[in-house]
Every structure is written in C-alpha cells, then in structure tokens.
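*Asks:* Coordinates in model.txt, compact mmCIF, C-alpha atoms, are listed below.
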# COMPACT_ATOMS: atom_id res chain seq x y z
CA MET W 16 -14.22 1.10 -31.14
CA SER W 17 -17.61 0.24 -29.67
CA LEU W 18 -18.26 0.39 -25.96
CA TYR W 19 -18.65 -3.38 -25.79
CA VAL W 20 -15.21 -3.85 -27.33
CA GLY W 21 -13.85 -1.20 -24.96
CA ALA W 22 -15.37 -3.06 -22.03
CA LEU W 23 -13.65 -6.27 -23.13
CA VAL W 24 -10.32 -4.44 -23.46
CA LEU W 25 -10.71 -2.92 -20.00
CA ALA W 26 -11.66 -6.26 -18.44
CA ALA W 27 -8.63 -7.89 -20.08
CA CYS W 28 -6.37 -5.09 -18.84
CA SER W 29 -7.71 -5.48 -15.31
CA ALA W 30 -7.09 -9.24 -15.32
CA PHE W 31 -3.62 -8.75 -16.82
CA LEU W 32 -2.65 -6.24 -14.13
CA LEU W 33 -4.06 -8.28 -11.26
CA TRP W 34 -2.35 -11.53 -12.22
CA PRO W 35 0.69 -11.74 -14.53
CA VAL W 36 1.90 -8.16 -14.01
CA SER W 37 1.59 -8.43 -10.23
CA ALA W 38 3.31 -11.82 -10.17
CA ARG W 39 6.17 -10.47 -12.28
CA LEU W 40 6.60 -7.39 -10.08
CA ALA W 41 6.61 -9.52 -6.92
CA ARG W 42 9.61 -11.45 -8.30
CA ALA W 43 11.47 -8.39 -9.62
CA ARG W 44 14.90 -7.73 -8.14
CA TRP W 45 15.22 -4.12 -9.30
CA VAL W 46 12.72 -2.93 -6.67
CA VAL W 47 15.43 -2.87 -3.97
CA ARG W 48 17.12 -0.03 -5.90
CA ALA W 49 13.99 2.13 -5.87
CA PRO W 50 11.69 1.14 -2.98
CA HIS W 51 9.62 4.33 -2.99
CA ALA W 52 9.03 4.16 -6.73
CA ALA W 53 8.24 0.43 -6.52
CA VAL W 54 5.57 1.12 -3.87
CA ALA W 55 4.09 3.79 -6.15
CA LEU W 56 4.04 1.26 -9.01
CA TRP W 57 2.18 -1.28 -6.85
CA GLN W 58 -0.36 1.43 -6.01
CA ALA W 59 -0.71 2.43 -9.67
CA ILE W 60 -1.40 -1.18 -10.66
CA GLY W 61 -4.14 -1.51 -8.04
CA ILE W 62 -5.80 1.79 -8.91
CA SER W 63 -5.65 1.12 -12.65
CA ALA W 64 -7.09 -2.38 -12.25
CA MET W 65 -9.97 -0.97 -10.18
CA VAL W 66 -10.65 1.78 -12.74
CA CYS W 67 -10.55 -0.80 -15.53
CA GLY W 68 -13.09 -3.00 -13.73
CA MET W 69 -15.47 -0.16 -12.97
CA GLY W 70 -14.96 1.33 -16.43
CA ALA W 71 -15.79 -1.98 -18.09
CA GLY W 72 -19.06 -2.21 -16.18
CA LEU W 73 -20.01 1.39 -16.92
CA ALA W 74 -19.10 1.02 -20.60
CA VAL W 75 -21.60 -1.82 -20.92
CA ALA W 76 -24.20 0.13 -18.95
CA VAL W 77 -24.06 3.25 -21.18
CA GLU W 78 -23.83 1.51 -24.58
CA ARG W 79 -27.58 1.93 -25.04
CA PHE W 80 -27.23 5.71 -25.32
CA HIS W 81 -24.89 5.49 -28.36
CA ARG W 82 -23.05 8.63 -27.28
CA GLY W 83 -19.64 7.25 -26.37
CA PHE W 84 -18.45 6.62 -22.83
CA PHE W 85 -18.43 10.11 -21.36
CA GLY W 86 -21.53 11.16 -23.29
CA GLY W 87 -23.20 8.00 -22.10
CA LEU W 88 -22.28 8.75 -18.48
CA SER W 89 -23.85 12.18 -18.86
CA ALA W 90 -27.02 10.62 -20.30
CA LEU W 91 -27.08 8.04 -17.51
CA TRP W 92 -26.83 10.75 -14.89
CA SER W 93 -29.61 12.71 -16.60
CA SER W 94 -31.86 9.64 -16.49
CA VAL W 95 -31.14 9.17 -12.78
CA ASP W 96 -31.72 12.87 -12.11
CA SER W 97 -35.04 12.76 -13.96
CA GLY W 98 -36.24 9.85 -11.85
CA HIS W 99 -36.31 7.30 -14.70
CA PRO W 100 -32.98 5.45 -14.47
CA LEU W 101 -34.38 2.09 -15.62
CA VAL W 102 -35.93 3.23 -18.89
CA GLY W 103 -34.42 1.18 -21.73
CA LEU W 104 -32.20 -0.79 -19.34
CA GLY W 105 -31.49 -4.29 -20.65
CA ILE W 106 -30.00 -7.30 -18.89
CA TRP W 107 -26.41 -6.54 -19.99
CA ASP W 108 -26.80 -2.89 -19.09
CA ALA W 109 -28.04 -3.86 -15.64
CA LEU W 110 -25.18 -6.32 -15.13
CA GLY W 111 -22.58 -3.72 -16.14
CA LEU W 112 -24.08 -1.08 -13.88
CA THR W 113 -24.26 -3.57 -10.99
CA LEU W 114 -20.60 -4.53 -11.45
CA ALA W 115 -19.42 -0.92 -11.39
CA ALA W 116 -21.63 0.02 -8.44
CA ASP W 117 -20.69 -3.07 -6.42
CA LEU W 118 -16.98 -2.49 -6.87
CA GLY W 119 -17.25 1.11 -5.77
CA ILE W 120 -19.61 0.51 -2.85
CA VAL W 121 -17.85 -2.60 -1.53
CA LEU W 122 -14.38 -1.07 -1.69
CA ALA W 123 -15.53 2.18 -0.07
CA SER W 124 -17.44 0.44 2.73
CA VAL W 125 -14.68 -2.06 3.51
CA MET W 126 -12.09 0.72 3.45
CA MET W 127 -14.15 2.72 5.94
CA PHE W 128 -14.63 -0.32 8.20
CA VAL W 129 -10.93 -1.25 8.17
CA THR W 130 -9.89 2.36 8.73
CA ILE W 131 -12.15 2.77 11.76
CA ARG W 132 -11.17 -0.59 13.25
CA GLY W 133 -7.47 0.04 12.65
CA ALA W 134 -7.68 3.52 14.16
CA ARG W 135 -9.33 2.11 17.27
CA ALA W 136 -6.73 -0.65 17.66
CA ARG W 137 -3.88 1.82 17.30
CA SER W 138 -5.54 4.25 19.70
CA ARG W 139 -5.88 1.51 22.34
CA HIS W 140 -2.27 0.48 21.87
CA ARG W 141 -1.04 4.07 22.13
CA HIS W 142 -3.03 4.49 25.34
CA LEU W 143 -1.47 1.33 26.80
CA LEU W 144 1.97 2.53 25.79
CA ASP W 145 1.43 5.86 27.51
CA LEU W 146 0.48 4.00 30.69
CA MET W 147 3.18 1.33 30.55
CA SER W 148 6.19 3.20 29.20
CA SER W 149 8.80 3.92 31.83
CA ARG W 150 10.04 7.16 30.31
CA VAL W 151 9.74 9.34 27.25
CA THR W 152 12.78 10.33 25.17
CA ASP W 153 10.88 12.82 23.00
CA ALA W 154 7.31 13.71 22.02
CA ARG W 155 6.83 10.52 19.98
CA THR W 156 9.21 7.95 21.46
CA ARG W 157 8.38 5.62 24.34
CA VAL W 158 10.75 3.31 26.21
CA LEU W 159 8.99 0.08 27.17
CA GLN W 160 9.92 -2.01 30.20
CA HIS W 161 10.57 -5.30 28.41
CA PRO W 162 13.71 -7.45 28.63
CA ARG W 163 13.55 -8.63 25.00
CA ALA W 164 14.61 -6.48 22.07
CA VAL W 165 11.78 -4.88 20.11
CA ALA W 166 11.39 -1.67 18.13
CA TYR W 167 8.33 -0.59 16.19
CA CYS W 168 6.17 2.33 15.11
CA VAL W 169 2.45 2.60 15.85
CA PRO W 170 1.21 4.71 12.91
CA GLY W 171 -1.59 7.25 13.02
CA ILE W 172 -2.22 10.96 13.42
CA ARG W 173 -0.19 10.83 16.65
CA PRO W 174 2.32 8.04 15.96
CA ARG W 175 4.39 6.38 18.66
CA ILE W 176 7.91 5.02 18.30
CA VAL W 177 8.51 2.21 20.77
CA ILE W 178 11.92 1.01 21.96
CA SER W 179 12.21 -1.64 24.65
CA GLU W 180 14.79 -1.60 27.44
CA GLY W 181 16.06 -4.88 25.99
CA THR W 182 16.86 -3.03 22.77
CA ILE W 183 18.73 -0.31 24.66
CA GLU W 184 20.82 -2.93 26.46
CA LEU W 185 21.44 -4.96 23.30
CA LEU W 186 22.56 -2.23 20.91
CA PRO W 187 25.43 0.27 21.15
CA PRO W 188 24.46 3.96 20.89
CA SER W 189 25.18 4.31 17.16
CA GLU W 190 23.02 1.30 16.27
CA LEU W 191 20.24 2.36 18.64
CA ALA W 192 20.14 5.81 17.04
CA ALA W 193 19.89 4.21 13.58
CA VAL W 194 16.97 2.06 14.74
CA VAL W 195 15.10 5.04 16.21
CA ALA W 196 15.63 6.94 12.94
CA HIS W 197 14.28 3.95 10.99
CA GLU W 198 11.07 3.95 13.03
CA ARG W 199 10.84 7.72 12.70
CA GLY W 200 10.93 7.20 8.94
CA HIS W 201 7.75 5.11 9.16
CA ALA W 202 6.05 7.88 11.13
CA VAL W 203 7.21 10.81 8.99
CA GLU W 204 6.42 9.15 5.65
CA ARG W 205 3.02 7.84 6.84
CA HIS W 206 3.68 4.24 5.83
CA GLY W 207 0.65 3.07 7.80
CA LEU W 208 -1.64 4.95 5.40
CA VAL W 209 0.11 3.38 2.40
CA LEU W 210 -0.66 -0.14 3.63
CA LEU W 211 -4.24 0.61 4.67
CA PRO W 212 -5.86 -0.03 1.24
CA MET W 213 -4.03 -3.37 1.00
CA ILE W 214 -5.42 -4.47 4.35
CA ALA W 215 -8.93 -3.47 3.27
CA MET W 216 -8.78 -5.34 -0.04
CA ALA W 217 -7.38 -8.46 1.62
CA LYS W 218 -10.62 -8.78 3.60
CA ILE W 219 -12.73 -9.44 0.51
CA PHE W 220 -10.40 -10.06 -2.44
CA GLY W 221 -7.76 -12.26 -0.84
CA TRP W 222 -8.10 -14.78 -3.68
CA VAL W 223 -6.91 -12.22 -6.25
CA PRO W 224 -3.16 -12.59 -6.98
CA TYR W 225 -2.52 -8.85 -6.69
CA VAL W 226 -4.17 -8.68 -3.27
CA ALA W 227 -2.26 -11.74 -2.09
CA LEU W 228 1.11 -10.41 -3.27
CA ALA W 229 0.94 -6.63 -2.82
CA PRO W 230 0.71 -6.36 1.00
CA VAL W 231 3.81 -8.49 1.59
CA ALA W 232 5.80 -6.85 -1.21
CA MET W 233 4.82 -3.34 -0.14
CA ALA W 234 5.57 -4.03 3.53
CA ASN W 235 9.10 -5.16 2.57
CA LEU W 236 9.58 -2.11 0.37
CA LEU W 237 8.37 0.26 3.08
CA GLU W 238 10.91 -1.23 5.48
CA MET W 239 13.58 -0.46 2.87
CA ALA W 240 12.18 3.05 2.52
CA ALA W 241 12.46 3.50 6.30
CA ASP W 242 16.02 2.17 6.08
CA GLU W 243 16.76 4.91 3.53
CA TYR W 244 15.37 7.52 5.91
CA SER W 245 17.70 6.28 8.64
CA LEU W 246 20.69 6.26 6.30
CA ARG W 247 20.37 10.02 5.78
CA ARG W 248 21.88 10.42 9.25
CA HIS W 249 23.52 7.10 10.14
CA GLU W 250 25.99 4.61 8.73
CA PRO W 251 24.70 1.58 6.77
CA ARG W 252 26.75 -0.84 8.85
CA SER W 253 25.23 0.43 12.08
CA LEU W 254 21.70 -0.17 10.82
CA ALA W 255 22.59 -3.53 9.26
CA SER W 256 24.23 -4.74 12.48
CA ALA W 257 21.24 -3.61 14.54
CA LEU W 258 18.87 -5.34 12.13
CA VAL W 259 20.73 -8.66 12.42
CA SER W 260 20.90 -8.43 16.21
CA MET W 261 17.22 -7.69 16.61
CA ALA W 262 16.14 -10.33 14.12
CA THR W 263 18.17 -12.91 16.07
CA VAL W 264 16.99 -12.18 19.62
CA GLY W 265 14.03 -9.82 19.18
CA VAL W 266 10.29 -10.41 19.55
CA THR W 267 7.47 -9.95 17.05
CA PRO W 268 5.88 -6.48 17.25
CA PRO W 269 2.08 -6.00 17.54
CA ALA W 270 -0.07 -6.50 14.44
CA CYS W 271 -1.14 -2.84 14.45
CA SER W 272 2.46 -1.64 14.11
CA LEU W 273 5.36 -1.49 11.66
CA GLY W 274 8.29 -3.44 13.09
CA MET W 275 12.01 -2.91 12.60
CA ALA W 276 13.01 -6.55 12.03
CA SER W 277 9.75 -8.11 10.89
CA HIS W 278 10.23 -8.21 7.09
CA ASP W 279 12.83 -9.69 4.70
CA VAL W 280 15.82 -9.16 6.98
CA SER W 281 18.44 -10.96 4.86
CA ARG W 282 17.54 -9.02 1.72
CA ARG W 283 17.59 -5.72 3.56
CA VAL W 284 20.97 -6.43 5.16
CA GLU W 285 22.40 -7.36 1.77
CA ARG W 286 20.99 -4.14 0.37
CA LEU W 287 22.41 -2.03 3.21
CA LEU W 288 25.90 -3.46 2.78
CA SER W 289 25.96 -3.23 -1.01
CA GLY W 290 27.64 -0.32 -2.71
CA GLN W 291 24.60 0.58 -4.84
CA ARG W 292 21.41 0.77 -2.80
CA THR W 293 19.46 3.28 -4.85
CA SER W 294 19.23 4.24 -8.51
CA LYS W 295 17.59 7.43 -9.75
CA ARG W 296 17.35 5.94 -13.23
CA THR W 297 15.51 2.88 -11.93
CA ALA W 298 13.16 5.07 -9.88
CA ALA W 299 12.43 7.29 -12.87
CA GLY W 300 11.70 4.26 -15.04
CA ALA W 301 9.34 2.79 -12.43
CA LEU W 302 7.48 6.09 -12.07
CA ALA W 303 7.16 6.37 -15.85
CA ILE W 304 5.69 2.87 -16.04
CA GLY W 305 3.32 3.69 -13.18
CA THR W 306 2.13 6.82 -14.98
CA ALA W 307 1.49 4.81 -18.14
CA VAL W 308 -0.40 2.17 -16.16
CA LEU W 309 -2.62 4.84 -14.60
CA ALA W 310 -3.26 6.52 -17.94
CA ALA W 311 -4.11 3.32 -19.85
CA PRO W 312 -7.77 2.88 -18.80
CA PHE W 313 -8.57 6.55 -19.44
CA LEU W 314 -7.03 6.34 -22.91
CA VAL W 315 -9.24 3.34 -23.68
CA LEU W 316 -12.31 5.18 -22.41
CA VAL W 317 -11.52 8.23 -24.52
CA ALA W 318 -11.07 6.00 -27.57
CA VAL W 319 -14.56 4.53 -27.20
Can you give me the file's structure in the form of structure tokens?

*Replies:*
Amino acid sequence: MSLYVGALVLAACSAFLLWPVSARLARARWVVRAPHAAVALWQAIGISAMVCGMGAGLAVAVERFHRGFFGGLSALWSSVDSGHPLVGLGIWDALGLTLAADLGIVLASVMMFVTIRGARARSRHRHLLDLMSSRVTDARTRVLQHPRAVAYCVPGIRPRIVISEGTIELLPPSELAAVVAHERGHAVERHGLVLLPMIAMAKIFGWVPYVALAPVAMANLLEMAADEYSLRRHEPRSLASALVSMATVGVTPPACSLGMASHDVSRRVERLLSGQRTSKRTAAGALAIGTAVLAAPFLVLVAV
C-alpha cells in the first residue's frame, strides 16, 4: 500500500468516525448499562479520528522519501534538523504537512486556552463559595444560603461540593446523603477533566457531528457514572426520588459546574429503578471496540 492510498484510508476512517459512527453511538441504548465504558469509547473515537487526520497529512508529506511512513518521518526530522526542511517539498507534500501541523497546533493551543480560562472561572467560583457558604460539612462540601434546591460539584484540583439550604429542607436525610455522594463521585472520578477536551473542540469544530454530539452524550453518561458512585453506599430509590424532586423544583447550576439534576433526568430515573443497571459484558465489549478503534490508524500506518 502506498502512502497516498494510506492517506486516503486514514482520511476516510476519520470522516467515518466523526460522522456515522458518532451519530450511531449517540442513539445507542446500551450505553446506560456501561456508562464508564461508553465514555471511554467516545474518547477513543475522538483520539482515533484526530490521529487519522494528522496521520493522513503526514503520510502525504513523507511520500517523497519513499521509505514508508515511519522511515519517512525519520527522514523528515533529519531534514528539519539539518536546516533544509523544504528541499524537494512539492505542493501536495506542503499541504499534507500543513494539515498535520495545523491540527496539532490548533488543538493544543485551544486546549491550553480553555483549560486556563476554565481553571480561572472555577477558582473564582470556589472563592465566592468560601465567602458565601454559611457552614462547612467537611473539607470539600459547602452549604449555600439559598432557598431553592440546588446541588453541584465545582471540579478542579480542590473541588467543591455545593448543597443549598433549600436542598436540605426539601430532601429527607437518606436522599440528601445520596445526593452528596453523587456529587462526590464527580469530584473523586475527575469528571471535569473528562469533559475538558470536548469543551475545547467545541470552540473551533462545533460543525463536526462528533463535536456536536459528544459533549452532551458524555455529560449524560458522567451523570450516570456519578449515580453509580452514589449507589455503592445508598439505595437506588433514594437517589431516584431526590433526582425527581430536584429536577421539579431546583435551579440550574453554574456553567462551570457539574449539576445533580441538569442532564437526562427521566432516563437516569428509569435506569436507577430498573433491575439491571450495569452489565460487565456490555462494558467489556465497549472497551474492546474502543481498543480496536484506537489501534486502527496505527495498523494502517504500519501497513504503509
């Protein structure tokens, strides 16, 4: 297989992952039985599509060396190191190299910008919470003087779990404990970091189907994952009842947070009350597919 053919295969794989595969996964019903594995599959699709795009550009750029992909990369690096990177560079080579470089540079720079801006927003919100909270129940949990029901987690290196006085008045102790455990699940499992790449990509690639679908799907799945964390210590009915109550009378949490009742409430309640919430077989299958998706572009590159 020539590098040009390999580049076409990689470009086709990237398009296939970003559109039909993502659309199919967004409609899949099995994901509720394996939320953690489904999130990993979404991540694998995004990483593989990015590698395919960059690999396609680099494959075109190193074709002129006639040494295969990895041999061509070595020759390209040698030409850069020698100070003559443009020797023998044609129009297609230049376009391929530009595509690969632009993808890498744009994604890295936007990721850095979004990370810094998000960290600042969360830091400001944590500072306000420390000033406004009436009392502290533990090192991470703040009780907010607000009459309406709200519960959320502000992610970060020093996360905050926020419970309003309205929530305390609304929920009985068993349901309140389940809600606090749900928010603690977001903090312990670092769900804010999982969503960060999606936020970054949405800034520049919002027109891509994967980027339009993945943030919403992953946010719903992470809420289910936090539900699972809570269910290790509390009854499903307690969490389901609290979720319905807060979705009915609660308020929308801040944009920089992960909120208890802000995503797909009816589906989550149905899942909590069903007899079969999780499936190890489904999770194993999703992880196997994710591994294959990640390996695919590298297998194509080795073949060329």

*Asks:* Find the residues with any atom within 10 Å of (14.6, 0.0, -3.1); use all atoms listed in the file and the coordinates as given in the file, and write the answer as an NGL selection string.

*Replies:* :W and (44-54 or 235-240 or 242-243 or 283 or 286 or 292-294 or 297-298)

*Asks:* Kindly indicate which residue among W:Met127, W:His278, W:Leu287, W:Ile183 lies nearest to Ala255 of chain W, using only C-alpha atoms for the distances.

*Replies:*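 Comparing W:Met127, W:His278, W:Leu287, W:Ile183 against Ala255 of chain W, the winner is W:Leu287.
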
*Asks:* Hey, which bits of segment 107-218 of chain W sit within 12 Å of segment 26-29 of chain W, and for each residue what's the closest pair of atoms and how far apart in Å (one decimal), counting only C-alpha atoms, rows by chain and increasing number, as CSV?

*Replies:*
residue,atom,partner,partner_atom,distance
W:Gly111,CA,W:Ala26,CA,11.4
W:Leu114,CA,W:Ala26,CA,11.5
W:Ala115,CA,W:Ala26,CA,11.8

*Asks:* Point out the residue among W:Ala64, W:Val280, W:Ala196, W:Val77 with the least atom-to-atom distance to Arg248 of chain W, counting all atoms listed in the file.

*Replies:*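 With all atoms listed in the file as the atom set, the closest residue is W:Ala196.
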
*Asks:* Nearest residue to Ala41 of chain W out of W:Leu56, W:Val129, W:Val284, W:Ala217, using only C-alpha atoms?

*Replies:*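 With only C-alpha atoms as the atom set, the closest residue is W:Leu56.
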
*Asks:* What's the separation between atom CA of Cys168 of chain W and atom CA of Glu198 of chain W, in Å to one decimal place?

*Replies:* 5.6 Å
